[in-house]
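Containing mmCIF, C-alpha atoms: target_9.cif.
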```cif
data_model
#
loop_
_atom_site.label_atom_id
_atom_site.label_comp_id
_atom_site.auth_asym_id
_atom_site.auth_seq_id
_atom_site.Cartn_x
_atom_site.Cartn_y
_atom_site.Cartn_z
CA MET A 17 133.63 144.36 67.72
CA LYS A 18 135.68 144.99 70.84
CA LEU A 19 139.26 144.15 71.66
CA GLN A 20 139.83 142.91 75.21
CA ILE A 21 143.40 142.76 76.36
CA ALA A 22 144.05 139.99 78.87
CA LEU A 23 146.72 140.91 81.38
CA ASP A 24 147.95 137.59 82.70
CA ARG A 25 151.14 136.41 84.34
CA LEU A 26 152.46 139.96 84.46
CA THR A 27 153.64 142.22 87.23
CA LYS A 28 151.63 145.37 87.90
CA GLU A 29 154.34 147.39 86.18
CA GLU A 30 154.22 145.14 83.10
CA CYS A 31 150.42 145.49 83.02
CA GLU A 32 150.70 149.27 83.12
CA TYR A 33 153.37 149.35 80.43
CA THR A 34 151.26 147.14 78.16
CA ILE A 35 148.16 149.27 78.67
CA SER A 36 150.08 152.46 77.96
CA GLU A 37 151.35 150.98 74.67
CA ALA A 38 148.07 149.42 73.56
CA TYR A 39 145.75 152.03 75.02
CA GLU A 40 144.22 153.41 71.84
CA SER A 41 143.22 150.09 70.29
CA VAL A 42 141.96 148.39 73.41
CA ASP A 43 138.30 148.58 74.49
CA TRP A 44 138.18 146.27 77.48
CA ILE A 45 141.04 145.80 79.94
CA GLU A 46 140.99 142.37 81.57
CA ILE A 47 142.82 141.95 84.85
CA GLY A 48 143.72 138.26 84.75
CA THR A 49 142.94 135.80 87.52
CA GLY A 50 146.58 135.32 88.49
CA VAL A 51 147.12 139.09 88.61
CA ILE A 52 144.09 139.48 90.90
CA LYS A 53 145.34 136.68 93.13
CA GLU A 54 148.75 138.34 93.25
CA TYR A 55 147.70 141.91 94.02
CA GLY A 56 144.16 141.61 95.32
CA MET A 57 141.45 144.23 94.86
CA GLU A 58 144.02 147.01 95.12
CA ILE A 59 144.96 146.51 91.46
CA VAL A 60 141.31 146.75 90.43
CA ARG A 61 140.94 150.01 92.36
CA SER A 62 144.18 151.29 90.89
CA PHE A 63 143.22 150.49 87.28
CA ARG A 64 139.73 151.92 87.83
CA SER A 65 141.24 155.23 88.85
CA LYS A 66 144.01 155.18 86.19
CA TYR A 67 141.77 154.22 83.24
CA PRO A 68 138.35 155.70 84.02
CA GLU A 69 137.15 155.62 80.41
CA LYS A 70 137.98 151.97 79.74
CA THR A 71 135.84 148.97 80.62
CA ILE A 72 137.54 146.97 83.36
CA VAL A 73 136.97 143.21 83.23
CA ALA A 74 138.07 141.49 86.44
CA ASP A 75 138.62 137.83 85.62
CA MET A 76 137.57 136.62 89.07
CA LYS A 77 136.62 133.13 87.79
CA THR A 78 134.21 132.86 90.72
CA CYS A 79 133.22 129.29 91.63
CA ASP A 80 131.28 129.91 94.85
CA ALA A 81 130.27 132.74 97.20
CA GLY A 82 128.91 134.67 94.21
CA ALA A 83 127.30 137.54 96.10
CA HIS A 84 130.41 138.18 98.16
CA GLU A 85 132.88 138.08 95.27
CA ALA A 86 130.68 140.16 92.97
CA LYS A 87 130.16 142.84 95.62
CA GLN A 88 133.88 142.80 96.39
CA VAL A 89 134.96 143.35 92.80
CA PHE A 90 132.24 145.82 91.75
CA GLU A 91 132.97 147.80 94.91
CA ALA A 92 136.60 147.92 93.78
CA GLY A 93 135.51 149.40 90.46
CA ALA A 94 135.21 146.57 87.94
CA ASP A 95 132.63 146.95 85.18
CA ILE A 96 132.49 143.23 84.40
CA THR A 97 133.35 140.18 86.51
CA THR A 98 133.54 136.53 85.53
CA VAL A 99 131.98 133.37 86.93
CA MET A 100 132.61 129.78 85.91
CA ALA A 101 129.81 128.12 83.94
CA PHE A 102 130.06 125.08 86.19
CA ALA A 103 129.31 127.10 89.34
CA HIS A 104 125.92 126.54 90.96
CA ASP A 105 123.06 128.44 89.36
CA LYS A 106 122.63 130.33 92.63
CA THR A 107 126.23 131.54 92.49
CA ILE A 108 125.51 132.99 89.05
CA THR A 109 122.14 134.55 89.92
CA ASP A 110 123.58 136.04 93.13
CA MET A 111 126.26 137.70 91.04
CA GLN A 112 123.71 138.97 88.53
CA LYS A 113 121.80 140.57 91.38
CA GLU A 114 124.92 142.36 92.59
CA ALA A 115 125.75 143.37 89.01
CA SER A 116 122.32 144.88 88.67
CA ASP A 117 122.77 146.83 91.93
CA TYR A 118 126.19 148.14 90.86
CA GLY A 119 125.41 148.70 87.18
CA GLY A 120 127.95 146.02 86.24
CA ARG A 121 127.85 142.87 84.15
CA VAL A 122 128.62 139.20 84.68
CA MET A 123 130.52 137.25 82.03
CA VAL A 124 130.11 133.49 82.25
CA ASP A 125 133.31 131.62 81.45
CA LEU A 126 132.41 128.54 79.40
CA LEU A 127 135.72 126.79 80.11
CA GLY A 128 135.07 123.06 80.11
CA VAL A 129 131.51 123.36 78.76
CA THR A 130 131.09 121.05 75.80
CA SER A 131 127.34 120.68 75.46
CA GLN A 132 124.47 122.98 74.54
CA GLN A 133 122.57 121.88 77.65
CA ARG A 134 124.53 124.08 80.05
CA VAL A 135 124.33 126.99 77.58
CA LYS A 136 120.55 126.64 77.49
CA GLU A 137 120.41 126.64 81.29
CA LEU A 138 122.57 129.76 81.39
CA VAL A 139 120.34 131.55 78.90
CA ASP A 140 117.36 130.56 81.03
CA LEU A 141 119.12 132.28 83.96
CA ASN A 142 119.22 135.44 81.80
CA VAL A 143 122.94 135.20 81.19
CA ASP A 144 123.74 137.54 78.28
CA LEU A 145 127.54 137.59 78.17
CA VAL A 146 129.79 134.54 77.85
CA SER A 147 133.40 133.79 77.07
CA LEU A 148 134.65 130.88 75.00
CA HIS A 149 138.14 129.48 75.48
CA PHE A 150 140.10 127.65 72.88
CA GLY A 151 142.81 125.42 74.21
CA LYS A 152 146.26 125.70 72.71
CA ASP A 153 145.68 122.60 70.63
CA MET A 154 142.47 123.93 69.13
CA GLN A 155 143.73 126.97 67.36
CA GLN A 156 143.97 125.51 63.92
CA GLU A 157 141.56 127.00 61.44
CA ALA A 158 139.83 123.66 60.89
CA ASP A 159 139.12 123.24 64.57
CA MET A 160 137.85 126.77 64.89
CA ASP A 161 135.34 126.20 62.10
CA THR A 162 133.83 123.10 63.63
CA GLY A 163 134.68 123.74 67.22
CA LEU A 164 133.31 125.28 70.34
CA PHE A 165 131.19 127.92 68.63
CA SER A 166 128.67 125.22 67.82
CA ILE A 167 127.44 125.10 71.42
CA LEU A 168 126.32 128.71 70.98
CA GLN A 169 124.67 128.41 67.58
CA ASP A 170 121.11 128.45 68.93
CA TYR A 171 121.72 131.62 70.94
CA PRO A 172 122.66 134.43 68.55
CA GLU A 173 121.48 136.96 71.14
CA LEU A 174 124.39 136.09 73.45
CA ASP A 175 127.23 138.57 73.69
CA VAL A 176 130.30 136.37 73.04
CA ALA A 177 133.92 137.02 73.93
CA VAL A 178 136.50 134.60 72.58
CA ALA A 179 139.86 133.83 74.13
CA GLY A 180 142.66 131.38 73.71
CA GLY A 181 145.98 132.07 72.05
CA VAL A 182 144.54 134.59 69.58
CA LYS A 183 147.26 136.16 67.47
CA LEU A 184 147.44 138.12 64.24
CA GLU A 185 147.90 134.95 62.17
CA THR A 186 144.90 133.11 63.63
CA LEU A 187 142.61 136.13 63.80
CA PRO A 188 140.95 135.71 60.35
CA ALA A 189 139.73 132.20 61.22
CA LEU A 190 138.28 133.54 64.43
CA LEU A 191 136.64 136.60 62.89
CA LYS A 192 134.57 134.39 60.59
CA HIS A 193 132.54 133.50 63.69
CA ASN A 194 131.77 137.17 64.21
CA PRO A 195 132.44 137.32 67.96
CA ASP A 196 131.41 140.43 69.86
CA THR A 197 134.71 140.66 71.67
CA VAL A 198 138.12 139.24 70.87
CA ILE A 199 140.31 138.55 73.89
CA VAL A 200 144.04 138.76 73.22
CA GLY A 201 146.73 138.06 75.78
CA SER A 202 150.31 137.07 75.13
CA ALA A 203 150.27 138.01 71.41
CA ILE A 204 150.20 141.58 72.71
CA THR A 205 151.67 141.36 76.19
CA LYS A 206 154.70 139.25 75.21
CA SER A 207 155.34 141.16 72.01
CA ASP A 208 158.36 143.43 71.60
CA ASN A 209 155.94 146.02 70.31
CA PRO A 210 152.58 145.70 72.06
CA GLY A 211 151.27 148.96 70.62
CA TRP A 212 151.90 147.89 67.04
CA VAL A 213 150.45 144.41 67.50
CA SER A 214 147.28 145.66 69.19
CA ASP A 215 146.84 148.29 66.47
CA GLN A 216 147.17 145.61 63.80
CA ILE A 217 144.69 143.33 65.53
CA LYS A 218 142.18 146.10 66.11
CA GLY A 219 142.63 147.26 62.50
CA GLU A 220 141.95 143.75 61.20
CA MET A 221 138.84 143.54 63.40
CA ASP A 222 137.56 146.89 62.10
CA ARG A 223 138.19 145.84 58.48
CA TYR A 224 136.33 142.61 59.03
CA GLU A 225 133.40 144.45 60.60
CA ARG A 226 133.18 146.96 57.72
CA ASN A 227 133.22 144.17 55.12
CA TYR A 228 130.68 142.19 57.08
CA ALA A 229 128.39 145.24 57.23
CA ILE A 230 128.75 145.77 53.46
CA ARG A 231 128.00 142.10 52.71
CA SER A 232 124.99 142.16 55.04
CA SER A 233 123.50 145.38 53.65
CA MET B 18 141.73 114.20 112.74
CA LYS B 19 142.64 117.76 111.90
CA LEU B 20 140.72 120.98 112.40
CA GLN B 21 141.01 123.43 109.50
CA ILE B 22 139.78 126.93 110.18
CA ALA B 23 138.38 128.63 107.07
CA LEU B 24 138.99 132.37 107.10
CA ASP B 25 136.38 133.73 104.72
CA ARG B 26 134.72 137.11 104.31
CA LEU B 27 136.97 138.64 106.92
CA THR B 28 139.39 141.52 106.93
CA LYS B 29 143.04 140.73 107.53
CA GLU B 30 142.68 142.04 111.08
CA GLU B 31 139.66 139.81 111.72
CA CYS B 32 141.61 136.82 110.37
CA GLU B 33 144.49 137.55 112.71
CA TYR B 34 142.21 138.02 115.71
CA THR B 35 140.47 134.72 114.99
CA ILE B 36 143.74 132.86 114.62
CA SER B 37 145.09 134.32 117.85
CA GLU B 38 141.96 133.13 119.70
CA ALA B 39 141.72 129.69 118.07
CA TYR B 40 145.44 129.07 117.71
CA GLU B 41 145.85 126.10 120.03
CA SER B 42 143.03 123.98 118.63
CA VAL B 43 143.59 124.68 114.95
CA ASP B 44 145.84 122.48 112.78
CA TRP B 45 145.35 123.94 109.32
CA ILE B 46 144.75 127.62 108.61
CA GLU B 47 142.78 128.16 105.41
CA ILE B 48 143.01 131.55 103.74
CA GLY B 49 139.66 131.76 101.95
CA THR B 50 139.26 132.54 98.27
CA GLY B 51 137.67 135.93 98.89
CA VAL B 52 140.43 136.88 101.32
CA ILE B 53 143.08 135.92 98.75
CA LYS B 54 141.28 137.94 96.08
CA GLU B 55 141.10 140.89 98.46
CA TYR B 56 144.70 140.95 99.67
CA GLY B 57 146.61 138.93 97.09
CA MET B 58 149.69 136.84 97.82
CA GLU B 59 150.82 139.34 100.45
CA ILE B 60 148.46 137.79 102.99
CA VAL B 61 149.84 134.33 102.27
CA ARG B 62 153.38 135.61 102.79
CA SER B 63 152.31 137.40 105.95
CA PHE B 64 150.58 134.35 107.47
CA ARG B 65 153.50 132.12 106.47
CA SER B 66 155.85 134.32 108.44
CA LYS B 67 153.45 134.87 111.38
CA TYR B 68 152.44 131.21 111.81
CA PRO B 69 155.47 129.18 110.72
CA GLU B 70 154.42 126.04 112.60
CA LYS B 71 150.87 125.83 111.17
CA THR B 72 149.86 124.32 107.85
CA ILE B 73 148.69 127.10 105.53
CA VAL B 74 145.95 126.11 103.09
CA ALA B 75 145.46 128.73 100.38
CA ASP B 76 141.99 128.22 98.93
CA MET B 77 142.97 129.35 95.44
CA LYS B 78 140.12 127.41 93.78
CA THR B 79 142.23 127.28 90.62
CA CYS B 80 140.27 126.64 87.41
CA ASP B 81 142.98 127.14 84.80
CA ALA B 82 146.65 128.12 84.53
CA GLY B 83 147.51 125.48 87.10
CA ALA B 84 151.29 125.69 86.90
CA HIS B 85 151.27 129.46 87.23
CA GLU B 86 148.87 129.62 90.16
CA ALA B 87 150.51 126.75 92.04
CA LYS B 88 153.96 128.26 91.64
CA GLN B 89 152.61 131.65 92.71
CA VAL B 90 151.04 130.37 95.92
CA PHE B 91 153.74 127.89 96.95
CA GLU B 92 156.31 130.62 96.34
CA ALA B 93 154.28 132.80 98.73
CA GLY B 94 154.53 130.11 101.38
CA ALA B 95 151.36 128.01 101.23
CA ASP B 96 151.65 124.34 102.19
CA ILE B 97 148.46 123.32 100.40
CA THR B 98 146.59 124.90 97.51
CA THR B 99 143.20 124.02 96.02
CA VAL B 100 142.02 123.28 92.50
CA MET B 101 138.47 122.74 91.29
CA ALA B 102 137.60 119.15 90.39
CA PHE B 103 136.04 120.37 87.14
CA ALA B 104 139.31 121.92 85.94
CA HIS B 105 141.08 120.19 83.08
CA ASP B 106 143.17 117.20 84.08
CA LYS B 107 146.24 119.06 82.85
CA THR B 108 145.52 121.94 85.22
CA ILE B 109 145.52 119.46 88.09
CA THR B 110 148.61 117.54 87.02
CA ASP B 111 150.51 120.79 86.37
CA MET B 112 149.73 121.81 89.94
CA GLN B 113 150.81 118.42 91.28
CA LYS B 114 154.12 118.85 89.53
CA GLU B 115 154.66 122.26 91.16
CA ALA B 116 153.54 120.84 94.51
CA SER B 117 156.14 118.13 94.19
CA ASP B 118 158.84 120.69 93.38
CA TYR B 119 157.90 122.87 96.35
CA GLY B 120 157.09 120.08 98.82
CA GLY B 121 153.47 121.21 98.91
CA ARG B 122 150.15 119.47 98.36
CA VAL B 123 147.14 119.96 96.12
CA MET B 124 143.64 119.61 97.52
CA VAL B 125 140.95 118.98 94.92
CA ASP B 126 137.71 120.79 95.69
CA LEU B 127 134.82 118.48 94.79
CA LEU B 128 132.26 121.31 94.67
CA GLY B 129 129.63 120.35 92.13
CA VAL B 130 130.88 116.78 91.69
CA THR B 131 127.98 114.38 92.09
CA SER B 132 129.23 111.17 90.49
CA GLN B 133 131.94 108.65 91.26
CA GLN B 134 133.23 108.91 87.71
CA ARG B 135 135.14 112.15 88.29
CA VAL B 136 136.43 110.85 91.62
CA LYS B 137 137.81 107.79 89.84
CA GLU B 138 139.49 110.00 87.24
CA LEU B 139 141.03 112.12 89.99
CA VAL B 140 142.37 109.06 91.79
CA ASP B 141 143.83 107.89 88.48
CA LEU B 142 145.64 111.26 88.32
CA ASN B 143 147.17 110.39 91.73
CA VAL B 144 145.05 112.92 93.59
CA ASP B 145 145.30 112.05 97.30
CA LEU B 146 143.57 114.96 99.04
CA VAL B 147 140.05 116.19 98.36
CA SER B 148 137.50 118.45 99.98
CA LEU B 149 133.76 117.84 100.12
CA HIS B 150 131.30 120.72 100.44
CA PHE B 151 127.89 120.45 101.91
CA GLY B 152 125.47 123.11 100.84
CA LYS B 153 123.51 124.94 103.50
CA ASP B 154 120.45 122.84 102.76
CA MET B 155 122.30 119.58 103.20
CA GLN B 156 123.39 119.86 106.77
CA GLN B 157 120.67 117.77 108.30
CA GLU B 158 121.87 114.54 109.80
CA ALA B 159 119.77 112.46 107.43
CA ASP B 160 121.31 114.11 104.39
CA MET B 161 124.80 113.70 105.76
CA ASP B 162 124.28 109.97 106.20
CA THR B 163 123.17 109.37 102.65
CA GLY B 164 124.83 112.32 100.98
CA LEU B 165 127.97 113.30 99.26
CA PHE B 166 130.26 110.91 101.11
CA SER B 167 128.92 108.11 98.92
CA ILE B 168 130.93 109.33 95.92
CA LEU B 169 134.08 108.61 97.94
CA GLN B 170 133.14 105.21 99.32
CA ASP B 171 135.32 103.23 96.92
CA TYR B 172 138.40 105.30 97.74
CA PRO B 173 139.17 104.92 101.46
CA GLU B 174 142.79 105.85 100.75
CA LEU B 175 141.80 109.45 99.92
CA ASP B 176 142.58 112.10 102.50
CA VAL B 177 139.20 113.87 102.91
CA ALA B 178 138.47 117.33 104.27
CA VAL B 179 134.84 118.25 104.81
CA ALA B 180 133.38 121.75 104.74
CA GLY B 181 130.00 123.39 104.73
CA GLY B 182 128.39 125.07 107.68
CA VAL B 183 129.96 122.72 110.24
CA LYS B 184 129.07 123.77 113.78
CA LEU B 185 129.16 122.16 117.20
CA GLU B 186 125.58 120.90 116.87
CA THR B 187 126.10 119.22 113.48
CA LEU B 188 129.56 117.89 114.25
CA PRO B 189 128.52 114.44 115.58
CA ALA B 190 126.66 113.61 112.36
CA LEU B 191 129.75 114.59 110.39
CA LEU B 192 132.22 112.70 112.57
CA LYS B 193 130.44 109.42 111.86
CA HIS B 194 131.95 109.61 108.39
CA ASN B 195 135.42 109.74 109.94
CA PRO B 196 136.82 112.58 107.81
CA ASP B 197 140.56 113.28 107.98
CA THR B 198 140.02 117.02 108.31
CA VAL B 199 137.02 119.04 109.45
CA ILE B 200 136.80 122.51 107.94
CA VAL B 201 135.01 125.05 110.12
CA GLY B 202 134.33 128.64 109.13
CA SER B 203 131.69 130.94 110.50
CA ALA B 204 130.86 128.76 113.53
CA ILE B 205 134.25 129.92 114.82
CA THR B 206 134.90 133.16 112.97
CA LYS B 207 131.48 134.68 113.65
CA SER B 208 131.31 133.48 117.23
CA ASP B 209 131.58 135.86 120.16
CA ASN B 210 134.13 133.49 121.57
CA PRO B 211 136.12 131.87 118.75
CA GLY B 212 138.66 130.37 121.15
CA TRP B 213 136.02 128.55 123.18
CA VAL B 214 134.14 127.28 120.11
CA SER B 215 137.26 125.98 118.39
CA ASP B 216 138.37 124.28 121.62
CA GLN B 217 134.97 122.59 121.93
CA ILE B 218 135.04 121.44 118.32
CA LYS B 219 138.59 120.14 118.56
CA GLY B 220 137.75 118.44 121.87
CA GLU B 221 134.77 116.71 120.30
CA MET B 222 136.92 115.57 117.38
CA ASP B 223 139.56 114.18 119.73
CA ARG B 224 136.92 112.34 121.80
CA TYR B 225 135.46 110.84 118.67
CA GLU B 226 138.88 109.71 117.50
CA ARG B 227 139.74 108.08 120.83
CA ASN B 228 136.41 106.22 120.91
CA TYR B 229 136.84 105.20 117.30
CA ALA B 230 140.31 103.82 118.08
CA ILE B 231 138.96 101.90 121.07
CA ARG B 232 136.11 100.43 119.05
CA SER B 233 138.46 99.49 116.22
CA SER B 234 141.08 97.87 118.45
#
```
For this file, write the structure as C-alpha cells.
Amino acid sequence: MKLQIALDRLTKEECEYTISEAYESVDWIEIGTGVIKEYGMEIVRSFRSKYPEKTIVADMKTCDAGAHEAKQVFEAGADITTVMAFAHDKTITDMQKEASDYGGRVMVDLLGVTSQQRVKELVDLNVDLVSLHFGKDMQQEADMDTGLFSILQDYPELDVAVAGGVKLETLPALLKHNPDTVIVGSAITKSDNPGWVSDQIKGEMDRYERNYAIRSS
Amino acid sequence: MKLQIALDRLTKEECEYTISEAYESVDWIEIGTGVIKEYGMEIVRSFRSKYPEKTIVADMKTCDAGAHEAKQVFEAGADITTVMAFAHDKTITDMQKEASDYGGRVMVDLLGVTSQQRVKELVDLNVDLVSLHFGKDMQQEADMDTGLFSILQDYPELDVAVAGGVKLETLPALLKHNPDTVIVGSAITKSDNPGWVSDQIKGEMDRYERNYAIRSS
C-alpha cells in the first residue's frame, strides 16, 4: 500500500520543505493542480531532478487536448498524470497512448462519478488506475463504508488511490477498503510536524497490510 | 460580437508574435490551458502587464478547488477564468464569489454537456457566461444548425462564446447562431499571416452584426 502526498495550495518552497520532512514515508509525490497552474512544467522538471527515485504524480486534471497535455507532462518528467473521468473517451485513450510511449501511467480522477456505468466504460478503455475523492462531508466512517467504493466493487483489478481529507483519525475507516494508494494532503502539509504525521500514517498503513496478509493467509 | 483568440499549444514567444499580429482585431485574449500549465501564472501576469487594455481570458478549466484557483488567476490579472460545467456546483459558486470580489467573470465551459438540464442548473446558479465547444467532426454546416446550440435555446440571456475549429470558411454557418463571442485558435495561430486572417474574421463578424441590426430594426 502506497502513501501519496498531495502538495496543494503550497508555494514551491513549502512543497520542498514538506517533501524533505516526509521523504522516507512517502512513495508517490503528487504535484497538485493549483501548484502546476502556479509554476508550470518547471516545477515538474525540478521535482523530477530533485527526487529521481520517487514516483512523481502530476495532477494535471486534463479535460481536453489529452495527447498534448500528456506529452507535455511526461516530457517534463512525470511518471503519472491525471485525467478527469468525464473527459471524452478519446482524451483518455490519447493520453494512454502517450503514457505507453513514455513509459508513464494515466490515473483517471473519478471526481463527480456516481455510477458504475462510467467505471465500466473506463475499464473497457483499459484504464487500470483510478482515484476516488471523498468530499469533506463524506469522511465519517459510516459514509466511507457505504460510499463511493461501491462503484468500484465489480472491478477488483483496478489500482485505486483514495483522496479526500484523509487524516490519522479517519485512516482506519479508509484502510478497511484496502486501497492501493492513500492520498494525504493537508493532514501532512499543514501539520506542525509533517515528518511525524507521515511516519504515523505510513506506519498505520503497513500495520494494516501485515494484518490483512496474516488474515488472508 | 467579440473575437477571442485562443492561444493553445504555443510557446510564449509564439503567443506574443500572434498577439502582435492580430492585436487590432482581437477583443479577448485567451491563454490556453496547456499554455497555463506550461508557464504557470507568470504568463498571466506578463500578458496582463503587456496588454492592459485587452480582456484576458485564462482558460483554467477548473474542476475542483474553485476558490483557490479563481483567487490565484484573478490575483495574476485575468479578467475571466473558466470552470468545467461538470464541476460541483460549489466549485462554480466559490469561483463566482471570488470573481465578484476581484471584479472578474467566470465562464462555464460546456464541454461534454449534452442536455438542457445542466444548463438550467447553471442558470439557477446565476451563471451568465458559457462557452460551447464543437468537436472536429461537428463543424459541418448541417451539424451546426441542429447541434449544440439547442441546449441553450431557452436561455437567450446567456452570454455565449463558441469554440471549436472556427475558420473563415465555417464562420458564416456559426454566425447564424448569433454568438456573443467567437473563439478562434489555430485558424489564426497556425496561419502564415495571422494578422490578415484575424482581420478577415473580425470583418466578417462586423458585417454580420451590421446586417443583423438592419434586419432586426
Check which residues of chain B sit at most 6 Å from chain A using all atoms listed in the file, and return one row each with the closest pair of atoms and their distance in Å to one decimal, ordered by chain and rising number, as a tab-separated table.
```
residue	atom	partner	partner_atom	distance
B:Lys54	CA	A:Gly56	CA	4.7
B:Glu55	CA	A:Gly56	CA	4.4
B:Tyr56	CA	A:Gly56	CA	4.4
B:Gly57	CA	A:Gly56	CA	4.0
B:Met58	CA	A:Glu54	CA	4.9
```
Worksheet item: Could you name the residues that touch segment 197-207 of chain B at 8 Å or less, counting all atoms listed in the file, but leaving out those on the same chain fewer than 4 positions away, as a PyMOL selection string?
Response: chain B and resi 18-25+35+176-185+211-212+214-215
Resulting file, chosen residues, C-alpha atoms, as a compact mmCIF listing (two decimals), keeping the file's coordinate frame:
```txt
# COMPACT_ATOMS: atom_id res chain seq x y z
CA MET B 18 141.73 114.20 112.74
CA LYS B 19 142.64 117.76 111.90
CA LEU B 20 140.72 120.98 112.40
CA GLN B 21 141.01 123.43 109.50
CA ILE B 22 139.78 126.93 110.18
CA ALA B 23 138.38 128.63 107.07
CA LEU B 24 138.99 132.37 107.10
CA ASP B 25 136.38 133.73 104.72
CA THR B 35 140.47 134.72 114.99
CA ASP B 176 142.58 112.10 102.50
CA VAL B 177 139.20 113.87 102.91
CA ALA B 178 138.47 117.33 104.27
CA VAL B 179 134.84 118.25 104.81
CA ALA B 180 133.38 121.75 104.74
CA GLY B 181 130.00 123.39 104.73
CA GLY B 182 128.39 125.07 107.68
CA VAL B 183 129.96 122.72 110.24
CA LYS B 184 129.07 123.77 113.78
CA LEU B 185 129.16 122.16 117.20
CA PRO B 211 136.12 131.87 118.75
CA GLY B 212 138.66 130.37 121.15
CA VAL B 214 134.14 127.28 120.11
CA SER B 215 137.26 125.98 118.39
```
Worksheet item: With all atoms listed in the file as the basis for distance, which of A:Glu69, A:Tyr171, A:Asp208, A:Gln112 is at the shortest distance from Tyr33 of chain A?
Response: A:Asp208
Discussion item. Can you pull out the residues contacting Tyr224 of chain A? Cut-off 10 Å, using all atoms listed in the file, and skip same-chain residues under 6 positions away; I want them as a ChimeraX atom specification.
Written reply: /A:17,188,191-192,194,218,230
Practice prompt. Could you please determine the separation between atom CA of Val123 of chain B and atom CA of Thr98 of chain B in Å, to one decimal place?
Written response: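 The value is 5.2 Å.
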Fill in: Within 12 Å of Gly120 of chain B using all atoms listed in the file, minus same-chain residues under 4 positions, as a list of chain:residue names
B:Ala87, B:Lys88, B:Phe91, B:Glu92, B:Gly94, B:Ala95, B:Asp96, B:Ile97, B:Thr98, B:Met112, B:Gln113, B:Lys114, B:Glu115, B:Ala116
Dump C-alpha atoms for the selected residues as an mmCIF file, in the coordinates of the input?
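File produced: part_17.cif:
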```
data_model
loop_
_atom_site.group_PDB
_atom_site.id
_atom_site.type_symbol
_atom_site.label_atom_id
_atom_site.label_comp_id
_atom_site.auth_asym_id
_atom_site.auth_seq_id
_atom_site.Cartn_x
_atom_site.Cartn_y
_atom_site.Cartn_z
ATOM 1 C CA ALA B 87 150.510 126.750 92.040
ATOM 2 C CA LYS B 88 153.960 128.260 91.640
ATOM 3 C CA PHE B 91 153.740 127.890 96.950
ATOM 4 C CA GLU B 92 156.310 130.620 96.340
ATOM 5 C CA GLY B 94 154.530 130.110 101.380
ATOM 6 C CA ALA B 95 151.360 128.010 101.230
ATOM 7 C CA ASP B 96 151.650 124.340 102.190
ATOM 8 C CA ILE B 97 148.460 123.320 100.400
ATOM 9 C CA THR B 98 146.590 124.900 97.510
ATOM 10 C CA MET B 112 149.730 121.810 89.940
ATOM 11 C CA GLN B 113 150.810 118.420 91.280
ATOM 12 C CA LYS B 114 154.120 118.850 89.530
ATOM 13 C CA GLU B 115 154.660 122.260 91.160
ATOM 14 C CA ALA B 116 153.540 120.840 94.510
#
```
Fill in: Two-atom distance - atom CA of Asp111 of chain B, atom CA of Glu46 of chain A (Å)
24.1 Å
Worksheet item: Any idea what the distance is between atom CA of Ser132 of chain B and atom CA of Lys107 of chain B?
Response: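 Interatomic distance here is 20.2 Å.
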